[in-house]
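J.: Data file data10.cif (mmCIF, C-alpha atoms) is appended below.
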```
data_data
#
loop_
_atom_site.label_atom_id
_atom_site.label_comp_id
_atom_site.auth_asym_id
_atom_site.auth_seq_id
_atom_site.Cartn_x
_atom_site.Cartn_y
_atom_site.Cartn_z
CA MET Y 233 -1.01 -22.24 24.03
CA LEU Y 234 -0.50 -19.44 26.57
CA ASN Y 235 2.89 -18.96 28.17
CA PRO Y 236 2.36 -20.42 31.67
CA HIS Y 237 4.88 -18.01 33.20
CA LEU Y 238 2.87 -14.85 32.51
CA ASP Y 239 2.18 -12.83 35.65
CA LEU Y 240 -1.52 -12.07 35.35
CA PRO Y 241 -1.83 -9.82 38.44
CA ALA Y 242 1.10 -7.68 37.26
CA LEU Y 243 -0.40 -7.44 33.78
CA GLN Y 244 -3.77 -6.46 35.27
CA LEU Y 245 -2.11 -3.62 37.16
CA ALA Y 246 -0.25 -2.42 34.07
CA TRP Y 247 -3.45 -2.58 32.04
CA ALA Y 248 -5.43 -0.64 34.64
CA ALA Y 249 -2.88 2.17 34.52
CA GLN Y 250 -3.06 2.85 30.79
CA ARG Y 251 -5.61 0.52 29.18
CA ASN Y 252 -2.93 0.08 26.55
CA LEU Y 253 -0.33 -2.61 26.98
CA ARG Y 254 2.28 -4.77 25.31
CA VAL Y 255 2.61 -8.30 26.66
CA THR Y 256 5.84 -10.05 25.71
CA ASP Y 257 6.29 -13.81 25.29
CA VAL Y 258 2.53 -14.20 25.36
CA LEU Y 259 2.38 -17.66 23.81
CA LYS Y 260 4.49 -20.71 24.40
CA ALA Y 261 7.54 -20.23 22.19
CA GLU Y 262 6.85 -23.35 20.15
CA VAL Y 263 3.29 -22.18 19.47
CA ALA Y 264 4.43 -18.79 18.18
CA THR Y 265 7.06 -20.43 15.99
CA ALA Y 266 4.55 -22.91 14.53
CA LEU Y 267 2.03 -20.14 13.94
CA LEU Y 268 4.55 -18.04 12.05
CA ALA Y 269 5.58 -21.02 9.93
CA ALA Y 270 1.93 -21.75 9.10
CA LEU Y 271 1.14 -18.14 8.23
CA ARG Y 272 4.11 -17.96 5.90
CA LEU Y 273 2.39 -20.60 3.78
CA GLN Y 274 -0.88 -18.70 3.52
CA PRO Y 275 -1.84 -16.56 0.50
CA TYR Y 276 -2.09 -12.87 1.31
CA GLN Y 277 -4.08 -10.35 -0.71
CA LEU Y 278 -2.86 -6.77 -0.95
CA ARG Y 279 -5.72 -4.64 0.39
CA SER Y 280 -6.26 -0.92 0.41
CA GLY Y 281 -9.04 1.43 1.35
CA PRO Y 282 -9.94 5.09 1.36
CA ALA Y 283 -8.75 7.55 3.94
CA PRO Y 284 -11.73 9.24 5.62
CA GLY Y 285 -11.62 12.99 5.21
CA GLU Y 286 -8.80 12.96 2.67
CA GLY Y 287 -9.02 13.95 -0.98
CA PRO Y 288 -10.14 11.63 -3.77
CA GLY Y 289 -7.74 8.77 -4.31
CA ALA Y 290 -6.15 9.08 -0.87
CA LEU Y 291 -5.77 5.72 0.80
CA GLY Y 292 -6.08 5.03 4.50
CA PHE Y 293 -4.29 1.73 4.45
CA GLN Y 294 -2.42 -0.70 2.27
CA TYR Y 295 -1.25 -4.08 3.48
CA GLY Y 296 -1.43 -7.78 2.84
CA GLU Y 297 -4.27 -9.61 4.52
CA CYS Y 298 -5.34 -13.22 4.95
CA THR Y 299 -8.57 -14.08 6.74
CA LEU Y 300 -8.74 -17.53 8.29
CA VAL Y 301 -11.99 -19.03 9.58
CA PRO Y 302 -11.32 -22.14 11.67
CA GLU Y 303 -12.96 -25.45 10.92
CA ALA Y 304 -14.43 -27.25 13.91
CA GLU Y 305 -12.41 -30.46 13.80
CA CYS Y 306 -9.33 -29.28 11.93
CA ASP Y 307 -6.04 -29.68 13.79
CA HIS Y 308 -4.09 -27.33 11.53
CA VAL Y 309 -2.17 -24.85 13.64
CA THR Y 310 -4.09 -21.79 12.41
CA CYS Y 311 -7.48 -23.45 13.01
CA ALA Y 312 -6.42 -24.66 16.44
CA PHE Y 313 -5.08 -21.24 17.30
CA ALA Y 314 -8.22 -19.40 16.10
CA ARG Y 315 -10.48 -21.67 18.16
CA TRP Y 316 -8.26 -21.14 21.21
CA TRP Y 317 -7.96 -17.39 20.63
CA HIS Y 318 -11.72 -16.94 20.54
CA GLY Y 319 -12.21 -19.32 23.47
CA PRO Y 320 -9.71 -19.71 26.31
CA GLY Y 321 -7.49 -16.92 24.93
CA ARG Y 322 -10.33 -14.43 24.99
CA THR Y 323 -11.30 -15.56 28.50
CA TRP Y 324 -7.77 -14.87 29.67
CA LEU Y 325 -7.85 -11.42 28.06
CA ALA Y 326 -11.20 -10.75 29.70
CA HIS Y 327 -9.61 -11.49 33.08
CA LEU Y 328 -6.66 -9.29 32.25
CA THR Y 329 -8.72 -6.32 31.10
CA GLY Y 330 -11.87 -6.72 33.16
CA MET Y 331 -13.88 -6.40 29.94
CA ALA Y 332 -16.72 -8.77 28.98
CA LEU Y 333 -15.23 -9.57 25.59
CA THR Y 334 -17.07 -11.12 22.67
CA SER Y 335 -15.78 -12.73 19.47
CA PRO Y 336 -17.03 -12.74 15.90
CA GLU Y 337 -19.46 -15.61 15.31
CA ASP Y 338 -17.17 -17.39 12.87
CA ALA Y 339 -14.11 -17.04 15.17
CA ARG Y 340 -12.06 -15.67 12.32
CA ILE Y 341 -8.54 -14.44 12.68
CA VAL Y 342 -6.97 -11.97 10.29
CA ALA Y 343 -3.28 -12.26 9.52
CA THR Y 344 -1.59 -9.15 8.20
CA LEU Y 345 1.64 -8.73 6.29
CA TYR Y 346 3.31 -5.37 5.85
CA GLY Y 347 6.08 -5.22 3.28
CA LYS Y 348 7.58 -2.33 1.38
CA GLY Y 349 4.83 0.15 0.46
CA CYS Y 350 2.42 -0.88 3.23
CA TYR Y 351 1.00 1.48 5.84
CA LEU Y 352 -1.95 2.32 8.04
CA GLU Y 353 -2.86 5.98 8.39
CA ALA Y 354 -3.72 7.51 11.75
CA HIS Y 355 -7.14 6.51 13.02
CA ASN Y 356 -8.96 5.37 16.11
CA ASP Y 357 -10.73 2.06 15.86
CA PHE Y 358 -13.89 3.33 17.53
CA ASP Y 359 -17.08 2.21 15.80
CA GLY Y 360 -19.36 1.64 18.76
CA GLN Y 361 -18.93 -2.14 18.45
CA ARG Y 362 -15.24 -2.74 18.97
CA ALA Y 363 -13.96 -2.82 22.52
CA LEU Y 364 -10.44 -4.21 22.60
CA ALA Y 365 -7.97 -3.99 19.70
CA TYR Y 366 -5.22 -6.57 19.57
CA VAL Y 367 -2.05 -7.13 17.57
CA LEU Y 368 -0.32 -10.46 18.05
CA GLY Y 369 3.16 -9.76 16.71
CA LEU Y 370 4.82 -12.54 14.72
CA THR Y 371 7.70 -10.61 13.19
CA PRO Y 372 11.05 -12.25 13.72
CA GLY Y 373 13.11 -9.38 12.26
CA GLN Y 374 13.89 -5.93 13.60
CA TRP Y 375 14.52 -2.60 11.89
CA PRO Y 376 14.68 1.06 12.86
CA ALA Y 377 11.53 3.17 13.14
CA GLU Y 378 12.75 5.34 10.25
CA GLU Y 379 12.01 2.41 7.93
CA GLY Y 380 8.35 2.37 8.99
CA GLY Y 381 6.18 -0.51 10.17
CA HIS Y 382 6.25 0.38 13.86
CA LEU Y 383 3.00 0.82 15.77
CA GLU Y 384 2.72 4.45 16.83
CA PHE Y 385 0.28 5.98 19.28
CA LEU Y 386 -0.40 9.66 18.73
CA ALA Y 387 -1.40 12.55 20.90
CA MET Y 388 -5.00 13.55 20.30
CA GLY Y 389 -5.27 16.54 17.99
CA ALA Y 390 -1.61 16.55 17.02
CA VAL Y 391 -1.22 14.01 14.24
CA ASP Y 392 2.55 13.92 14.20
CA ALA Y 393 3.07 13.88 17.98
CA VAL Y 394 4.05 10.29 18.71
CA VAL Y 395 3.62 9.49 22.38
CA GLU Y 396 4.61 5.85 22.17
CA ARG Y 397 6.19 3.72 19.46
CA ARG Y 398 6.30 -0.07 19.53
CA PRO Y 399 8.54 -1.93 17.12
CA PRO Y 400 7.23 -5.04 15.40
CA GLY Y 401 7.67 -7.93 17.80
CA PHE Y 402 7.72 -11.68 17.84
CA ASN Y 403 5.33 -13.35 20.26
CA THR Y 404 4.17 -9.97 21.54
CA LEU Y 405 0.58 -8.96 22.17
CA ASP Y 406 -0.46 -5.32 21.95
CA ILE Y 407 -3.90 -4.61 23.36
CA PHE Y 408 -5.67 -1.30 23.74
CA ASP Y 409 -9.11 -0.08 24.67
CA VAL Y 410 -11.02 1.25 21.67
CA SER Y 411 -14.43 1.37 23.32
CA ARG Y 412 -14.32 5.13 23.84
CA ILE Y 413 -13.32 8.29 22.03
CA GLU Y 414 -10.72 10.47 23.61
CA GLY Y 415 -11.57 14.15 23.67
CA PRO Y 416 -9.21 17.02 22.94
CA GLY Y 417 -6.44 17.30 25.49
CA GLY Y 418 -6.79 13.71 26.57
CA SER Y 419 -10.05 14.33 28.44
CA VAL Y 420 -11.42 10.84 28.89
CA ALA Y 421 -13.31 9.30 31.73
CA ARG Y 422 -10.71 6.69 32.56
CA GLY Y 423 -7.81 9.06 32.31
CA PRO Y 424 -4.89 7.64 30.30
CA THR Y 425 -2.37 10.19 29.09
CA PHE Y 426 -2.81 9.09 25.49
CA GLY Y 427 -5.67 7.70 23.49
CA PRO Y 428 -6.04 5.00 20.93
CA VAL Y 429 -5.27 7.12 17.88
CA HIS Y 430 -2.62 5.08 16.16
CA ARG Y 431 -0.93 4.38 12.85
CA ILE Y 432 1.71 2.25 11.19
CA PRO Y 433 3.95 4.45 9.04
CA LEU Y 434 4.86 3.49 5.51
CA VAL Y 435 7.33 0.60 5.28
CA THR Y 436 10.18 1.79 3.10
CA GLN Y 437 12.34 -1.31 2.86
CA HIS Y 438 11.83 -4.93 1.87
CA VAL Y 439 10.98 -6.29 5.32
CA GLU Y 440 8.13 -8.43 6.61
CA ARG Y 441 5.97 -7.27 9.47
CA ARG Y 442 3.66 -10.15 10.34
CA ALA Y 443 0.85 -10.13 12.85
CA ILE Y 444 -2.62 -11.36 13.68
CA SER Y 445 -4.76 -8.31 14.29
CA GLY Y 446 -8.35 -7.56 15.11
CA TRP Y 447 -10.82 -6.55 17.75
CA PHE Y 448 -12.99 -8.12 20.40
CA GLY Y 449 -16.41 -6.69 21.07
CA GLN Y 450 -17.94 -6.29 24.51
CA ARG Y 451 -21.19 -7.43 26.04
CA THR Y 452 -23.31 -4.59 27.30
CA GLY Y 453 -26.01 -4.40 29.93
CA MET B 163 10.69 18.58 -32.52
CA GLU B 164 13.52 18.76 -35.00
CA HIS B 165 14.22 15.44 -36.68
CA ALA B 166 17.95 15.30 -35.90
CA ALA B 167 17.52 16.37 -32.28
CA ALA B 168 14.83 13.75 -31.67
CA ALA B 169 16.92 11.02 -33.30
CA ALA B 170 19.94 12.03 -31.21
CA ALA B 171 17.93 12.03 -27.99
CA LEU B 172 16.53 8.58 -28.73
CA ALA B 173 20.00 7.32 -29.61
CA GLY B 174 21.05 8.59 -26.18
CA GLY B 175 18.29 6.55 -24.55
CA HIS B 176 15.71 9.18 -23.60
CA LEU B 177 13.56 11.67 -25.46
CA HIS B 178 11.30 13.98 -23.46
CA LEU B 179 8.44 15.88 -25.09
CA ASP B 180 6.72 18.49 -22.96
CA ASP B 181 3.41 18.88 -24.76
CA ALA B 182 2.89 15.69 -26.70
CA LEU B 183 -0.85 16.07 -26.20
CA PRO B 184 -2.79 19.33 -26.35
CA ALA B 185 -3.41 20.62 -22.81
CA GLY B 186 -7.19 20.35 -23.11
CA LEU B 187 -7.05 16.74 -24.26
CA ALA B 188 -4.55 15.81 -21.56
CA ALA B 189 -6.73 17.38 -18.87
CA GLU B 190 -9.81 15.59 -20.16
CA LEU B 191 -8.01 12.24 -20.18
CA ALA B 192 -6.53 12.83 -16.74
CA HIS B 193 -9.97 13.62 -15.33
CA LEU B 194 -11.45 10.50 -16.92
CA LEU B 195 -8.70 8.00 -16.14
CA ASN B 196 -7.84 9.19 -12.64
CA GLY B 197 -11.35 8.14 -11.70
CA LEU B 198 -10.65 4.48 -12.46
CA ALA B 199 -10.92 2.38 -9.32
CA LEU B 200 -7.80 0.30 -9.80
CA PRO B 201 -6.68 -1.64 -6.73
CA PRO B 202 -2.98 -1.83 -5.95
CA GLU B 203 -1.29 -5.03 -7.06
CA LEU B 204 1.88 -6.50 -5.68
CA GLY B 205 3.99 -7.83 -8.54
CA ALA B 206 7.56 -8.93 -9.00
CA ALA B 207 8.57 -5.37 -9.84
CA GLY B 208 6.76 -3.60 -7.01
CA ILE B 209 3.32 -2.22 -6.20
CA ALA B 210 1.17 -0.31 -8.69
CA CYS B 211 -2.47 0.06 -9.66
CA VAL B 212 -2.61 -1.30 -13.18
CA GLY B 213 -5.52 -1.59 -15.58
CA GLN B 214 -6.24 -1.63 -19.26
CA VAL B 215 -8.85 0.39 -21.11
CA VAL B 216 -9.81 -1.31 -24.35
CA VAL B 217 -11.10 1.20 -26.88
CA PRO B 218 -13.40 -0.29 -29.56
CA GLU B 219 -12.05 0.04 -33.08
CA VAL B 220 -15.29 1.52 -34.39
CA ILE B 221 -16.02 4.88 -32.84
CA ASP B 222 -18.93 4.65 -30.45
CA PRO B 223 -20.31 8.06 -29.54
CA GLN B 224 -21.15 6.76 -26.08
CA ASN B 225 -17.43 6.49 -25.32
CA PRO B 226 -15.57 9.70 -24.48
CA ALA B 227 -14.02 11.18 -27.61
CA CYS B 228 -10.76 11.85 -25.77
CA LEU B 229 -10.09 8.08 -25.64
CA TYR B 230 -10.22 7.85 -29.44
CA ALA B 231 -7.98 10.89 -29.74
CA LEU B 232 -5.42 9.25 -27.46
CA ILE B 233 -5.61 5.91 -29.24
CA HIS B 234 -5.10 7.67 -32.56
CA TYR B 235 -2.07 9.47 -31.17
CA LEU B 236 -0.52 6.32 -29.70
CA ASP B 237 -1.34 3.96 -32.56
CA HIS B 238 -0.73 6.26 -35.54
CA THR B 239 0.79 9.67 -34.83
CA LEU B 240 3.51 8.54 -32.44
CA PRO B 241 4.68 5.46 -34.40
CA ALA B 242 4.86 7.61 -37.53
CA LEU B 243 6.94 10.22 -35.72
CA VAL B 244 9.32 7.65 -34.24
CA SER B 245 9.60 5.79 -37.54
CA GLY B 246 10.56 9.05 -39.23
CA TRP B 247 13.13 9.91 -36.58
CA LEU B 248 14.77 6.48 -36.60
CA GLY B 249 14.35 5.66 -40.28
CA HIS B 250 12.65 2.36 -39.54
CA PRO B 251 8.96 1.52 -39.11
CA TYR B 252 7.69 1.12 -35.54
CA VAL B 253 4.30 -0.13 -34.32
CA ARG B 254 2.53 -0.47 -31.00
CA PRO B 255 1.80 -4.16 -30.25
CA ASP B 256 -1.06 -3.35 -27.87
CA ALA B 257 -2.86 -1.13 -30.36
CA GLY B 258 -6.38 -0.28 -29.29
CA CYS B 259 -5.57 -0.64 -25.61
CA LEU B 260 -4.60 1.93 -23.03
CA PRO B 261 -2.44 0.41 -20.30
CA VAL B 262 -3.10 2.65 -17.29
CA TRP B 263 -0.62 2.78 -14.43
CA ILE B 264 -1.62 4.67 -11.32
CA LEU B 265 0.92 5.17 -8.56
CA ARG B 266 -0.33 6.26 -5.16
CA LYS B 267 1.13 6.32 -1.68
CA GLY B 268 2.89 3.02 -1.10
CA CYS B 269 3.49 2.31 -4.79
CA TYR B 270 6.93 1.79 -6.28
CA LEU B 271 8.63 0.01 -9.14
CA ASP B 272 11.98 -1.61 -8.61
CA ALA B 273 14.63 -1.20 -11.28
CA ALA B 274 13.78 -3.24 -14.37
CA GLY B 275 14.87 -3.34 -17.97
CA PRO B 276 16.02 -2.52 -20.47
CA GLN B 277 12.93 -3.67 -22.35
CA PRO B 278 13.08 -4.45 -26.05
CA GLY B 279 11.83 -1.63 -28.28
CA ILE B 280 11.02 1.86 -27.10
CA GLU B 281 9.21 2.32 -23.80
CA VAL B 282 6.52 4.98 -23.88
CA TRP B 283 5.45 6.77 -20.69
CA LEU B 284 2.74 9.35 -21.27
CA GLY B 285 2.05 11.44 -18.18
CA LEU B 286 -1.51 12.38 -17.25
CA THR B 287 -0.84 13.88 -13.86
CA GLY B 288 -1.93 17.38 -12.94
CA LEU B 289 -0.09 17.66 -9.64
CA ARG B 290 3.60 18.33 -9.12
CA TRP B 291 5.62 17.28 -6.11
CA PRO B 292 9.29 17.10 -5.16
CA ALA B 293 11.33 14.05 -6.06
CA ALA B 294 11.97 13.46 -2.35
CA TRP B 295 8.35 12.33 -2.02
CA GLY B 296 9.00 9.53 -4.51
CA GLY B 297 6.89 8.64 -7.52
CA HIS B 298 9.16 10.22 -10.12
CA LEU B 299 10.39 8.11 -13.01
CA GLU B 300 14.12 7.46 -12.75
CA ILE B 301 16.18 6.41 -15.74
CA LEU B 302 19.31 4.36 -15.11
CA ASP B 303 22.05 3.12 -17.33
CA GLU B 304 22.87 -0.58 -17.43
CA ALA B 305 25.39 -0.12 -14.63
CA GLY B 306 22.61 1.20 -12.41
CA LYS B 307 23.79 4.80 -12.51
CA ARG B 308 20.99 7.35 -12.62
CA CYS B 309 21.06 9.33 -15.83
CA GLY B 310 17.67 11.01 -15.76
CA GLU B 311 14.65 11.76 -13.63
CA VAL B 312 11.20 12.81 -14.75
CA ALA B 313 8.31 14.13 -12.69
CA PRO B 314 4.91 12.89 -13.85
CA GLY B 315 3.51 15.53 -16.18
CA LEU B 316 0.27 16.39 -17.90
CA GLY B 317 0.44 15.48 -21.57
CA SER B 318 4.21 15.05 -21.50
CA LEU B 319 5.87 12.06 -23.10
CA GLU B 320 8.95 10.00 -22.32
CA LEU B 321 10.42 7.72 -24.97
CA ILE B 322 13.08 5.48 -23.51
CA ARG B 323 15.34 3.01 -25.26
CA GLY B 324 17.87 0.61 -23.76
CA ARG B 325 17.53 1.97 -20.24
CA VAL B 326 16.69 0.57 -16.83
CA LEU B 327 13.70 2.27 -15.19
CA GLN B 328 12.54 2.58 -11.62
CA VAL B 329 10.06 4.60 -9.58
CA PRO B 330 11.02 5.20 -5.94
CA LEU B 331 8.46 4.53 -3.24
CA LEU B 332 5.74 7.19 -3.20
CA THR B 333 5.51 8.39 0.39
CA ARG B 334 2.73 10.98 0.24
CA GLN B 335 -0.97 11.03 -0.59
CA VAL B 336 -0.55 12.11 -4.21
CA GLN B 337 -1.32 10.20 -7.39
CA ALA B 338 0.61 9.79 -10.61
CA LEU B 339 -1.06 8.44 -13.73
CA TRP B 340 0.86 7.13 -16.70
CA ILE B 341 -0.14 5.50 -19.95
CA ARG B 342 2.67 3.01 -20.28
CA THR B 343 3.19 1.16 -23.51
CA VAL B 344 5.91 0.18 -25.98
CA LEU B 345 6.81 0.65 -29.64
CA VAL B 346 8.63 -2.14 -31.45
CA PRO B 347 10.27 -2.22 -34.87
CA CYS B 348 8.42 -4.11 -37.55
#
```
Represent the structure contained in this file as structure tokens.

T.:
Amino acid sequence: MLNPHLDLPALQLAWAAQRNLRVTDVLKAEVATALLAALRLQPYQLRSGPAPGEGPGALGFQYGECTLVPEAECDHVTCAFARWWHGPGRTWLAHLTGMALTSPEDARIVATLYGKGCYLEAHNDFDGQRALAYVLGLTPGQWPAEEGGHLEFLAMGAVDAVVERRPPGFNTLDIFDVSRIEGPGGSVARGPTFGPVHRIPLVTQHVERRAISGWFGQRTG
Amino acid sequence: MEHAAAAAALAGGHLHLDDALPAGLAAELAHLLNGLALPPELGAAGIACVGQVVVPEVIDPQNPACLYALIHYLDHTLPALVSGWLGHPYVRPDAGCLPVWILRKGCYLDAAGPQPGIEVWLGLTGLRWPAAWGGHLEILDEAGKRCGEVAPGLGSLELIRGRVLQVPLLTRQVQALWIRTVLVPC
């Protein structure tokens, strides 16, 4: 499934510098194309949830979601991908990041779909369990950041200070370390210039931002 | 409202009433209904949080009295007013029910209509915000030209006939609540 031409040593260096990385052309092209086609056939539920610290009724996110738990012998593309992702794929990411990554027991993958009206408010994914956040981009289209749907990393303590913006991609993999909390002024032990506080601004047009998103945990001790 | 002025406004497609409900009743209803946990739904017309409160016909003292007051207004007072203005009897097909529409950040309604009958939008929203944030009701003619815009109000009423309606994408963490129903001739 993995693109055989990826340069793992170069990616390891880039990861070590920031612990936040976009890998392009991560899968074999035909795999990414088949995965997108399969996900387009899946039913998505519009989900929303509260925004911590906001007033009553304020939502922290709104987007379409489809959770897929692979069956052991099923050769459907999403089942095959999920088994690979939580097996050899995770092993490759562990080599890339140097983290002892763990998967959910059921090897689920969660496909997300952002259309008009969808968003994810600024947050860091830290919960003491998650170690590595990932976003496998499967969006064939492109649009300007003003129309929302781009992944934005924010400066700590300054909610509207975007330090990096990544447009939706196709066959891209965004990974970032969420195993720590960045202190004010970027004071973290491992020293990146920006932390994992991130958001996806409101999508204002009828577009489709598709991805498979989630987190790996990490073995301790 | 004066009979002739109301009839003329309805003939023109839109009648706005500022204080259709007494302020105290509107505030009580807004407090009650804004607490409904309605999830957003993606429909053909857009995204909104939609639910229906069914009010029993026989008054049950365990239900908030404001619900019966609103049902009485929508099912009796308002149809009688409209019938008088237009010289023809009107009724509400979903009598006894309160169709609740909550619009929060990320909600919108694409242009749709005109619907048969008279569309009724009763605002139960305490907050005000600029139109640039979205979430205001826009009234269009059949050519798609905007001919009116209404901020969600508290106890205010919009009666709309033969018009296309839309609500632009709400981009901020505010919440509009409408009771949205229809009157039809009988």

J.: Point out the residue among B:Ile341, B:Ala305, B:Val253, B:Leu204 with the least atom-to-atom distance to Y:Cys350, counting all atoms listed in the file.

T.: B:Leu204

J.: Determine the residue set returned by the PyMOL selection byres ((chain Y) within 7 of (chain B)) for the present structure, and present it as a PDB file with C-alpha atoms, in the frame of the given file.

T.:
```pdb
ATOM      1  CA  LEU Y 278      -2.860  -6.770  -0.950  1.00  0.00           C
ATOM      2  CA  ALA Y 290      -6.150   9.080  -0.870  1.00  0.00           C
ATOM      3  CA  GLY Y 349       4.830   0.150   0.460  1.00  0.00           C
ATOM      4  CA  CYS Y 350       2.420  -0.880   3.230  1.00  0.00           C
ATOM      5  CA  LEU Y 434       4.860   3.490   5.510  1.00  0.00           C
TER       6      LEU Y 434
END
```

J.: Distance atom CA of Y:Gln277-atom CA of Y:Trp447, one decimal place?

T.: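 These atoms are spaced 20.0 Å apart.
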
J.: Report, in Å with one decimal, the straight-line distance from atom CA of Y:Ala249 to atom CA of Y:Trp317.

T.: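 If I compute the distance from atom CA of Y:Ala249 to atom CA of Y:Trp317, I get 24.5 Å.
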
J.: Skipping near chain neighbours, those fewer than 3 positions away, what residues fall within 8 Å of stretch 310-321 of chain B using all atoms listed in the file, listed as JSON, numbers by chain?

T.: {"B": [172, 175, 176, 177, 178, 179, 180, 181, 182, 183, 184, 185, 188, 189, 192, 280, 281, 282, 283, 284, 285, 286, 287, 288, 289, 290, 291, 293, 297, 298, 299, 300, 301, 302, 338, 339, 340]}

J.: Translate the PyMOL selection byres ((chain Y and resi 332) around 10) into a concrete residue list for this structure, as JSON, numbers by chain.

T.: {"Y": [322, 323, 325, 326, 327, 329, 330, 331, 333, 334, 363, 448, 449, 450, 451, 452]}

J.: Could you tell me which residues the PyMOL selection byres ((chain B and resi 326) around 7) grabs in this file, written as a list in words?

T.: Ala273, Ala274, Gly275, Pro276, Ile301, Leu302, Asp303, Glu304, Arg325, Leu327 and Gln328 of chain B

J.: I'd like the neighbourhood of Y:Ile432 as a list in words, where a residue qualifies if any of its atoms comes within 6 Å (using all atoms listed in the file), though same-chain residues fewer than 2 positions away should be ignored.

T.: Tyr351, Leu352, Gly381, His382 and Leu383 of chain Y

J.: Just how far from atom CA of Y:Gly401 is atom CA of Y:Leu370, in Å to one decimal?

T.: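 Computing it gives 6.2 Å between the two atoms.
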